[in-house]
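final-v6.txt (compact mmCIF, C-alpha atoms)
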# COMPACT_ATOMS: atom_id res chain seq x y z
CA SER A 13 -2.26 40.40 19.94
CA SER A 14 -4.93 37.88 18.99
CA SER A 15 -8.50 38.63 19.90
CA PRO A 16 -9.85 37.10 23.13
CA SER A 17 -11.25 33.61 22.61
CA THR A 18 -14.87 32.80 23.35
CA THR A 19 -14.53 29.11 22.47
CA ILE A 20 -14.57 26.20 24.89
CA PRO A 21 -12.51 23.48 23.19
CA ASP A 22 -13.68 19.87 23.48
CA ILE A 23 -16.49 20.80 25.87
CA LEU A 24 -17.21 18.07 28.44
CA GLY A 25 -14.91 15.74 26.53
CA SER A 26 -17.33 15.71 23.59
CA ASN A 27 -14.83 16.66 20.83
CA VAL A 28 -17.08 19.68 20.19
CA ASP A 29 -15.53 23.14 20.21
CA ALA A 30 -18.40 25.29 21.43
CA PRO A 31 -18.75 29.05 21.67
CA GLN A 32 -19.43 30.31 25.20
CA LEU A 33 -23.10 30.81 24.36
CA GLY A 34 -25.48 27.86 24.75
CA ILE A 35 -29.23 27.44 24.59
CA GLY A 36 -31.23 26.78 27.74
CA MET A 37 -34.62 25.27 26.88
CA ALA A 38 -36.60 26.34 29.97
CA ALA A 39 -38.79 28.80 28.06
CA LEU A 40 -39.06 26.75 24.86
CA GLY A 41 -40.54 23.47 26.05
CA ARG A 42 -43.65 24.56 27.95
CA PRO A 43 -46.18 27.37 27.81
CA GLY A 44 -45.54 28.77 31.32
CA TYR A 45 -42.29 30.28 32.60
CA ILE A 46 -41.14 32.92 35.08
CA SER A 47 -39.23 35.19 32.73
CA LEU A 48 -40.65 38.72 32.88
CA THR A 49 -41.27 38.76 29.14
CA HIS A 50 -42.57 35.22 28.59
CA LYS A 51 -46.16 36.26 27.97
CA ARG A 52 -45.19 39.03 25.55
CA ASP A 53 -42.69 36.78 23.76
CA PHE A 54 -45.46 34.41 22.71
CA GLU A 55 -48.16 36.92 21.80
CA GLY A 56 -49.82 36.09 18.51
CA VAL A 57 -48.06 32.72 18.30
CA GLY A 58 -50.28 30.68 20.54
CA LYS A 59 -49.01 28.22 23.06
CA GLY A 60 -50.46 25.01 21.65
CA VAL A 61 -48.01 22.13 21.42
CA GLU A 62 -47.44 22.50 17.67
CA ALA A 63 -47.02 26.27 17.86
CA MET A 64 -44.49 25.85 20.67
CA ARG A 65 -42.66 23.12 18.75
CA GLU A 66 -42.41 25.39 15.69
CA ARG A 67 -41.16 28.26 17.83
CA ALA A 68 -38.58 25.99 19.50
CA TYR A 69 -37.34 24.74 16.10
CA ALA A 70 -37.04 28.34 14.82
CA VAL A 71 -34.92 29.36 17.83
CA LEU A 72 -32.84 26.17 17.58
CA ASP A 73 -32.27 26.74 13.83
CA ALA A 74 -31.16 30.32 14.45
CA SER A 75 -28.88 29.22 17.29
CA TYR A 76 -27.20 26.53 15.21
CA ALA A 77 -26.68 29.00 12.36
CA ALA A 78 -25.11 31.40 14.89
CA GLY A 79 -22.63 28.68 15.87
CA VAL A 80 -24.24 27.51 19.14
CA ARG A 81 -23.27 23.92 19.92
CA TYR A 82 -24.35 23.38 23.55
CA TYR A 83 -28.03 22.70 24.33
CA ASP A 84 -29.42 22.36 27.84
CA ALA A 85 -32.80 20.79 28.69
CA ALA A 86 -34.50 19.09 31.66
CA ARG A 87 -37.17 16.49 32.31
CA SER A 88 -39.34 19.18 33.90
CA TYR A 89 -39.23 21.65 31.00
CA GLY A 90 -42.46 20.30 29.53
CA ARG A 91 -41.62 18.87 26.11
CA ALA A 92 -38.14 20.39 25.86
CA GLU A 93 -36.31 17.07 25.50
CA GLU A 94 -38.85 15.89 22.93
CA PHE A 95 -38.53 19.13 20.91
CA LEU A 96 -34.72 19.09 21.09
CA GLY A 97 -34.45 15.41 20.14
CA GLY A 98 -36.93 15.85 17.29
CA TRP A 99 -35.09 18.88 15.95
CA LEU A 100 -31.67 17.17 16.09
CA LYS A 101 -33.00 14.16 14.16
CA GLU A 102 -35.03 16.17 11.63
CA ARG A 103 -32.07 18.42 10.87
CA LYS A 104 -29.81 15.35 10.62
CA ILE A 105 -27.36 16.79 13.14
CA ALA A 106 -24.98 14.04 14.25
CA PRO A 107 -24.47 13.39 17.99
CA GLY A 108 -20.79 14.31 17.56
CA ASP A 109 -21.65 17.77 16.21
CA VAL A 110 -23.32 19.10 19.34
CA CYS A 111 -23.06 18.76 23.11
CA VAL A 112 -26.33 18.13 24.97
CA GLY A 113 -27.07 18.36 28.68
CA SER A 114 -30.28 17.54 30.49
CA LYS A 115 -31.43 17.25 34.10
CA TRP A 116 -33.42 14.97 36.36
CA GLY A 117 -35.04 15.58 39.73
CA TYR A 118 -38.19 17.54 38.92
CA THR A 119 -41.35 16.29 37.24
CA TYR A 120 -43.36 18.62 35.02
CA THR A 121 -46.88 18.79 36.45
CA ALA A 122 -48.51 21.82 34.78
CA ASP A 123 -50.17 19.73 32.07
CA TRP A 124 -49.50 22.44 29.46
CA GLN A 125 -51.34 25.11 31.48
CA THR A 126 -49.90 28.49 32.44
CA ASP A 127 -52.42 29.00 35.23
CA THR A 128 -52.33 25.93 37.44
CA GLY A 129 -54.65 27.36 40.09
CA GLY A 130 -51.79 27.82 42.54
CA LYS A 131 -50.49 24.24 42.12
CA PRO A 132 -46.76 23.87 41.39
CA HIS A 133 -45.58 23.69 37.76
CA GLU A 134 -42.94 21.14 38.72
CA VAL A 135 -42.43 18.79 41.66
CA LYS A 136 -39.02 17.88 43.08
CA GLU A 137 -37.99 14.34 43.95
CA HIS A 138 -34.30 13.57 44.34
CA SER A 139 -34.59 9.80 44.86
CA ARG A 140 -32.76 6.87 43.29
CA GLU A 141 -36.07 5.62 41.92
CA ASN A 142 -36.72 8.95 40.20
CA LEU A 143 -33.16 9.07 38.83
CA GLU A 144 -33.67 5.67 37.22
CA LYS A 145 -37.12 6.56 35.87
CA GLN A 146 -36.12 9.96 34.49
CA SER A 147 -32.74 8.93 33.05
CA GLY A 148 -34.63 6.24 31.11
CA GLU A 149 -37.10 8.84 29.83
CA THR A 150 -34.30 11.22 28.83
CA GLU A 151 -32.52 8.41 26.99
CA GLY A 152 -35.75 7.56 25.16
CA LEU A 153 -36.13 11.13 23.92
CA LEU A 154 -32.51 12.16 23.36
CA GLY A 155 -30.83 8.79 22.84
CA GLY A 156 -27.20 9.02 21.78
CA TYR A 157 -27.14 12.82 21.97
CA VAL A 158 -26.82 13.11 25.76
CA ASP A 159 -23.36 14.11 26.99
CA LEU A 160 -24.25 15.47 30.42
CA TYR A 161 -26.87 14.59 33.04
CA GLN A 162 -27.36 17.02 35.91
CA ILE A 163 -29.15 16.89 39.25
CA HIS A 164 -31.76 19.61 38.85
CA SER A 165 -31.38 22.19 41.61
CA ALA A 166 -29.33 20.26 44.15
CA THR A 167 -29.66 21.92 47.55
CA GLN A 168 -28.49 21.01 51.01
CA ALA A 169 -32.13 20.86 52.09
CA SER A 170 -32.97 18.13 49.57
CA GLY A 171 -30.17 15.99 51.07
CA VAL A 172 -29.33 14.64 47.62
CA LEU A 173 -25.55 15.03 47.99
CA SER A 174 -25.48 12.80 51.07
CA ASN A 175 -27.99 10.26 49.73
CA GLN A 176 -25.73 7.28 49.07
CA GLN A 177 -28.32 5.48 46.96
CA VAL A 178 -28.57 8.45 44.59
CA ILE A 179 -24.79 8.94 44.49
CA GLU A 180 -24.30 5.25 43.67
CA GLY A 181 -26.99 5.56 40.98
CA LEU A 182 -25.17 8.52 39.44
CA TRP A 183 -21.89 6.57 39.31
CA ARG A 184 -23.80 3.81 37.54
CA VAL A 185 -25.21 6.24 34.97
CA LYS A 186 -21.71 7.64 34.46
CA GLU A 187 -20.12 4.24 33.97
CA GLY A 188 -23.06 2.51 32.26
CA LYS A 189 -24.27 5.19 29.84
CA GLY A 190 -20.99 7.08 29.52
CA TRP A 191 -22.72 10.37 30.43
CA ARG A 192 -20.88 13.11 32.31
CA ILE A 193 -22.54 13.99 35.61
CA GLY A 194 -23.32 17.50 36.80
CA LEU A 195 -25.51 19.42 39.19
CA SER A 196 -27.40 22.67 38.96
CA LEU A 197 -27.63 25.05 41.91
CA SER A 198 -30.06 27.63 43.16
CA GLY A 199 -30.44 30.05 46.06
CA VAL A 200 -28.14 31.84 48.48
CA GLU A 201 -26.20 28.65 49.28
CA GLN A 202 -24.94 27.99 45.74
CA GLY A 203 -21.26 28.33 46.66
CA ASP A 204 -21.51 26.17 49.80
CA THR A 205 -23.44 23.45 47.99
CA LEU A 206 -20.87 23.40 45.17
CA ARG A 207 -18.03 22.94 47.65
CA ILE A 208 -19.86 19.98 49.21
CA ALA A 209 -20.43 18.48 45.74
CA MET A 210 -16.72 18.75 44.94
CA GLN A 211 -16.01 16.42 47.86
CA VAL A 212 -18.18 13.62 46.44
CA ARG A 213 -15.61 11.10 45.24
CA ASN A 214 -15.24 7.37 44.70
CA SER A 215 -12.77 5.11 46.52
CA GLU A 216 -10.02 6.08 44.03
CA GLY A 217 -10.60 9.76 44.84
CA LYS A 218 -12.18 10.55 41.46
CA MET A 219 -14.76 13.35 41.54
CA LEU A 220 -18.33 12.39 40.65
CA PHE A 221 -19.29 15.78 39.25
CA ASP A 222 -17.86 16.91 35.91
CA SER A 223 -19.81 20.15 35.73
CA VAL A 224 -21.78 22.69 37.71
CA GLN A 225 -24.60 24.93 36.50
CA ALA A 226 -25.13 28.01 38.62
CA THR A 227 -26.91 31.35 38.59
CA TYR A 228 -24.36 34.11 38.06
CA ASN A 229 -25.14 37.55 36.67
CA VAL A 230 -24.39 41.23 37.27
CA LEU A 231 -26.97 41.34 40.08
CA GLU A 232 -25.97 38.08 41.79
CA SER A 233 -22.29 37.15 41.62
CA SER A 234 -21.85 35.71 45.10
CA CYS A 235 -20.75 32.23 44.00
CA GLY A 236 -17.93 33.48 41.75
CA GLU A 237 -15.11 32.25 43.98
CA ALA A 238 -16.62 28.79 44.31
CA LEU A 239 -17.00 28.63 40.51
CA GLU A 240 -13.32 29.48 40.12
CA GLU A 241 -12.45 26.63 42.51
CA ALA A 242 -14.63 24.27 40.45
CA LYS A 243 -12.92 25.35 37.23
CA LYS A 244 -9.49 24.77 38.80
CA ALA A 245 -10.61 21.30 39.90
CA GLY A 246 -11.42 20.49 36.25
CA MET A 247 -15.18 21.03 36.24
CA GLN A 248 -17.02 22.70 33.37
CA VAL A 249 -18.91 25.75 34.61
CA ILE A 250 -22.30 26.47 33.02
CA VAL A 251 -24.12 29.68 33.89
CA LYS A 252 -27.91 29.95 33.88
CA GLU A 253 -30.03 33.05 34.43
CA GLY A 254 -27.24 35.26 33.09
CA MET A 255 -29.95 37.83 32.42
CA ALA A 256 -31.67 37.31 35.78
CA ASN A 257 -34.95 36.06 34.23
CA GLY A 258 -35.29 39.25 32.21
CA ARG A 259 -34.72 41.51 35.20
CA LEU A 260 -31.77 43.23 33.49
CA PHE A 261 -34.30 45.11 31.36
CA GLU A 262 -36.12 47.89 33.17
CA ALA A 263 -39.37 47.25 31.29
CA GLY A 264 -41.72 45.16 33.39
CA ASN A 265 -39.30 45.10 36.31
CA SER A 266 -40.74 46.85 39.32
CA GLY A 267 -38.70 44.89 41.88
CA PRO A 268 -35.74 46.03 44.02
CA SER A 269 -33.28 45.00 41.28
CA ARG A 270 -34.52 47.80 39.03
CA LYS A 271 -32.66 50.53 40.90
CA LYS A 272 -29.41 48.53 40.65
CA LEU A 273 -29.30 48.63 36.86
CA SER A 274 -28.08 52.15 36.08
CA VAL A 275 -24.40 51.20 35.64
CA LEU A 276 -25.32 48.34 33.29
CA HIS A 277 -27.58 50.58 31.21
CA SER A 278 -25.15 53.51 30.98
CA GLU A 279 -22.26 51.16 30.09
CA ALA A 280 -24.39 49.56 27.34
CA GLU A 281 -25.10 53.03 25.99
CA ARG A 282 -21.41 53.94 26.08
CA ILE A 283 -20.43 50.77 24.18
CA GLY A 284 -23.44 51.00 21.88
CA CYS A 285 -24.77 47.51 22.57
CA GLY A 286 -27.80 45.79 24.02
CA VAL A 287 -28.20 45.45 27.77
CA ASP A 288 -28.66 41.67 27.32
CA ALA A 289 -25.44 41.26 25.31
CA LEU A 290 -23.47 43.30 27.84
CA GLY A 291 -24.90 41.33 30.77
CA LEU A 292 -23.96 38.01 29.15
CA ALA A 293 -20.52 39.25 28.06
CA CYS A 294 -19.76 40.25 31.66
CA VAL A 295 -20.24 36.59 32.57
CA MET A 296 -18.20 35.25 29.63
CA VAL A 297 -15.06 37.16 30.65
CA GLN A 298 -14.99 35.71 34.17
CA PRO A 299 -11.96 33.51 34.95
CA PHE A 300 -14.14 30.38 35.30
CA GLN A 301 -14.71 30.45 31.49
CA ALA A 302 -18.38 29.54 31.65
CA MET A 303 -20.71 28.18 29.04
CA VAL A 304 -23.35 30.90 29.32
CA LEU A 305 -26.92 29.90 28.53
CA SER A 306 -29.27 32.07 26.52
CA GLY A 307 -32.87 31.49 27.53
CA ALA A 308 -34.03 33.04 24.26
CA ALA A 309 -37.70 32.45 23.51
CA CYS A 310 -37.55 33.89 20.00
CA ARG A 311 -35.03 34.34 17.20
CA GLU A 312 -34.63 38.09 17.83
CA HIS A 313 -33.60 37.49 21.44
CA LEU A 314 -31.13 34.85 20.42
CA GLU A 315 -29.49 37.08 17.81
CA SER A 316 -29.35 39.91 20.32
CA ASN A 317 -27.85 37.63 23.03
CA ALA A 318 -25.26 36.30 20.56
CA GLN A 319 -23.79 39.82 20.26
CA ALA A 320 -22.16 39.08 23.62
CA LEU A 321 -19.60 36.90 21.83
CA SER A 322 -18.52 39.77 19.54
CA LEU A 323 -18.31 42.20 22.46
CA VAL A 324 -15.72 39.93 24.08
CA GLN A 325 -13.87 39.05 20.86
CA GLU A 326 -13.60 42.73 19.88
CA GLY A 327 -12.27 43.67 23.31
CA LYS A 328 -15.26 45.93 24.05
CA VAL A 329 -16.09 43.98 27.20
CA THR A 330 -13.01 43.09 29.22
CA ALA A 331 -12.61 41.76 32.75
CA GLU A 332 -12.23 45.39 33.89
CA VAL A 333 -15.49 46.49 32.27
CA ALA A 334 -17.26 43.49 33.80
CA GLN A 335 -15.82 44.26 37.23
CA ARG A 336 -17.09 47.83 37.02
CA VAL A 337 -20.59 46.73 35.95
CA ILE A 338 -20.83 43.96 38.55
CA ALA A 339 -19.62 46.28 41.33
CA GLY A 340 -22.32 48.77 40.38
CA CYS A 341 -25.17 46.26 40.04
CA ARG A 342 -24.50 43.75 42.82
CA MET A 343 -27.50 42.97 45.04
CA ASP A 344 -27.56 41.36 48.43
CA PRO A 345 -28.04 37.63 47.64
CA GLU A 346 -30.94 37.29 50.09
CA GLU A 347 -32.71 40.17 48.39
CA TYR A 348 -31.96 38.81 44.90
CA TRP A 349 -33.33 35.35 45.65
CA GLY A 350 -36.31 36.77 47.52
CA GLU A 351 -37.22 38.75 44.43
CA ARG A 352 -36.75 35.73 42.18
CA THR A 353 -39.02 33.60 44.36
CA ALA A 354 -41.75 36.22 43.96
CA LEU A 355 -41.68 36.16 40.13
CA GLU A 356 -44.89 34.81 38.69
CA TRP A 357 -45.27 32.10 36.08
CA GLN A 358 -46.63 33.64 32.88
Show me this structure written as structure tokens.
Amino acid sequence: SSSPSTTIPDILGSNVDAPQLGIGMAALGRPGYISLTHKRDFEGVGKGVEAMRERAYAVLDASYAAGVRYYDAARSYGRAEEFLGGWLKERKIAPGDVCVGSKWGYTYTADWQTDTGGKPHEVKEHSRENLEKQSGETEGLLGGYVDLYQIHSATQASGVLSNQQVIEGLWRVKEGKGWRIGLSLSGVEQGDTLRIAMQVRNSEGKMLFDSVQATYNVLESSCGEALEEAKKAGMQVIVKEGMANGRLFEAGNSGPSRKKLSVLHSEAERIGCGVDALGLACVMVQPFQAMVLSGAACREHLESNAQALSLVQEGKVTAEVAQRVIAGCRMDPEEYWGERTALEWQ
């Protein structure tokens, strides 16, 4: 029998066949982030703009060499769009060779500081005016590379899915710029919010949203059924936080998730692989065939994360293995999201 595939053909209609591992730029575009290892990852490198740009290019180079073809940024990730656009042009990578997604809805406000004196690092505004402003900014930085534009962290509380002005604006972006439209989710209501989003249609009954980006990992798998429904309806599923912001590693994790990790760690030992690769592979084998983002902040992490693809291809991580790990690690969603909210920017 042929080995299991880890390729998403023609992802988001882009003519790009992409492996199920993509790059999420959250930790690469700004000096502060909530991953447990962010501070350590940048020790000795410095977090000045040029040092961060160099680091981003190094991770992007390594990812491209490893076959990665999907890149995911956001307006609020500091200079992520600028770094990504600059790298694509400098490396002379053609728009048709990669698939690029970005997001609007948050504004980066940290002004390149990691300690903002308690002020937020990003501010949310899901308005038509902000959509128009930020989509223009994204286009300026990423030009013809953009394939997908996502609402950043759409929640029922923000009311964005029932805001007709925003919805109309998104249809205009879709028709005018030819970008696919997606949404990213967060919090205990991910599944419910996704089901609401799937009902957003035009007068011909065509769905607005082409993709969904959700948090799904061995600790928090509560939106799995909704993601399967989305996949069946023709949406591309993208998974973020597949490593739970670094919480899959015991080092530095003193939260309630730590005691849930024993099955993951013993299974990784049995297979002889990294905990990160196993965690990501458990997501790749799910029936919703997700594009799984690596939030790698350095080349070593990326190469380690990329082992997930081989684990699946070689049949070392199957749906059964994943089921066993997820069953052993699953947290109560309220507890998971409560812990995530408490993580500090580093």
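Of the residues under consideration (A:Ser278, A:Ala166, A:Ile283, A:Asp73), A:Asp73 shows the shortest atom-to-atom contact distance to Arg103 in chain A when counting all atoms listed in the file.
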Top pick for closest residue to Val178 in chain A, considering A:Ser165, A:Gly148, A:Lys218, A:Glu137 and counting only C-alpha atoms:
A:Glu137
Find the distance between CA of Leu305 in chain A and CA of Asp127 in chain A and write it in Å to one decimal.
26.4 Å
So that I can see what lies close to Ser322 in chain A, please list as an NGL selection string the residues with an atom at most 12 Å from it, counting only C-alpha atoms and leaving out residues fewer than 3 positions away in the same chain.
:A and (15-19 or 31-33 or 78 or 285-286 or 289-290 or 292-293 or 296-297 or 315-319 or 325-330)
(-17.9, 28.9, 31.3) in this file's frame - what residues fall within 9 Å of it? Use only C-alpha atoms and give the answer as a PDB file with C-alpha atoms, in the coordinates of the input.
ATOM      1  CA  ILE A  20     -14.570  26.200  24.890  1.00  0.00           C
ATOM      2  CA  GLN A  32     -19.430  30.310  25.200  1.00  0.00           C
ATOM      3  CA  LEU A  33     -23.100  30.810  24.360  1.00  0.00           C
ATOM      4  CA  LYS A 243     -12.920  25.350  37.230  1.00  0.00           C
ATOM      5  CA  GLN A 248     -17.020  22.700  33.370  1.00  0.00           C
ATOM      6  CA  VAL A 249     -18.910  25.750  34.610  1.00  0.00           C
ATOM      7  CA  ILE A 250     -22.300  26.470  33.020  1.00  0.00           C
ATOM      8  CA  VAL A 251     -24.120  29.680  33.890  1.00  0.00           C
ATOM      9  CA  VAL A 295     -20.240  36.590  32.570  1.00  0.00           C
ATOM     10  CA  MET A 296     -18.200  35.250  29.630  1.00  0.00           C
ATOM     11  CA  VAL A 297     -15.060  37.160  30.650  1.00  0.00           C
ATOM     12  CA  GLN A 298     -14.990  35.710  34.170  1.00  0.00           C
ATOM     13  CA  PRO A 299     -11.960  33.510  34.950  1.00  0.00           C
ATOM     14  CA  PHE A 300     -14.140  30.380  35.300  1.00  0.00           C
ATOM     15  CA  GLN A 301     -14.710  30.450  31.490  1.00  0.00           C
ATOM     16  CA  ALA A 302     -18.380  29.540  31.650  1.00  0.00           C
ATOM     17  CA  MET A 303     -20.710  28.180  29.040  1.00  0.00           C
ATOM     18  CA  VAL A 304     -23.350  30.900  29.320  1.00  0.00           C
TER      19      VAL A 304
END
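The closest residue to Tyr161 in chain A, picked from A:Ala308, A:Leu24, A:Met255, A:Met219 and counting all atoms listed in the file, is A:Leu24.
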Judged by only C-alpha atoms, the minimum distance to Arg282 in chain A among A:Leu260, A:Val333, A:Ala309, A:Ala38 is found for A:Val333
Report as number ranges by chain all protein, DNA and RNA residues lying within 6 Å of Gly41 in chain A, evaluated on all atoms listed in the file, omitting residues in the same chain fewer than 5 positions from it.
A: 89-92
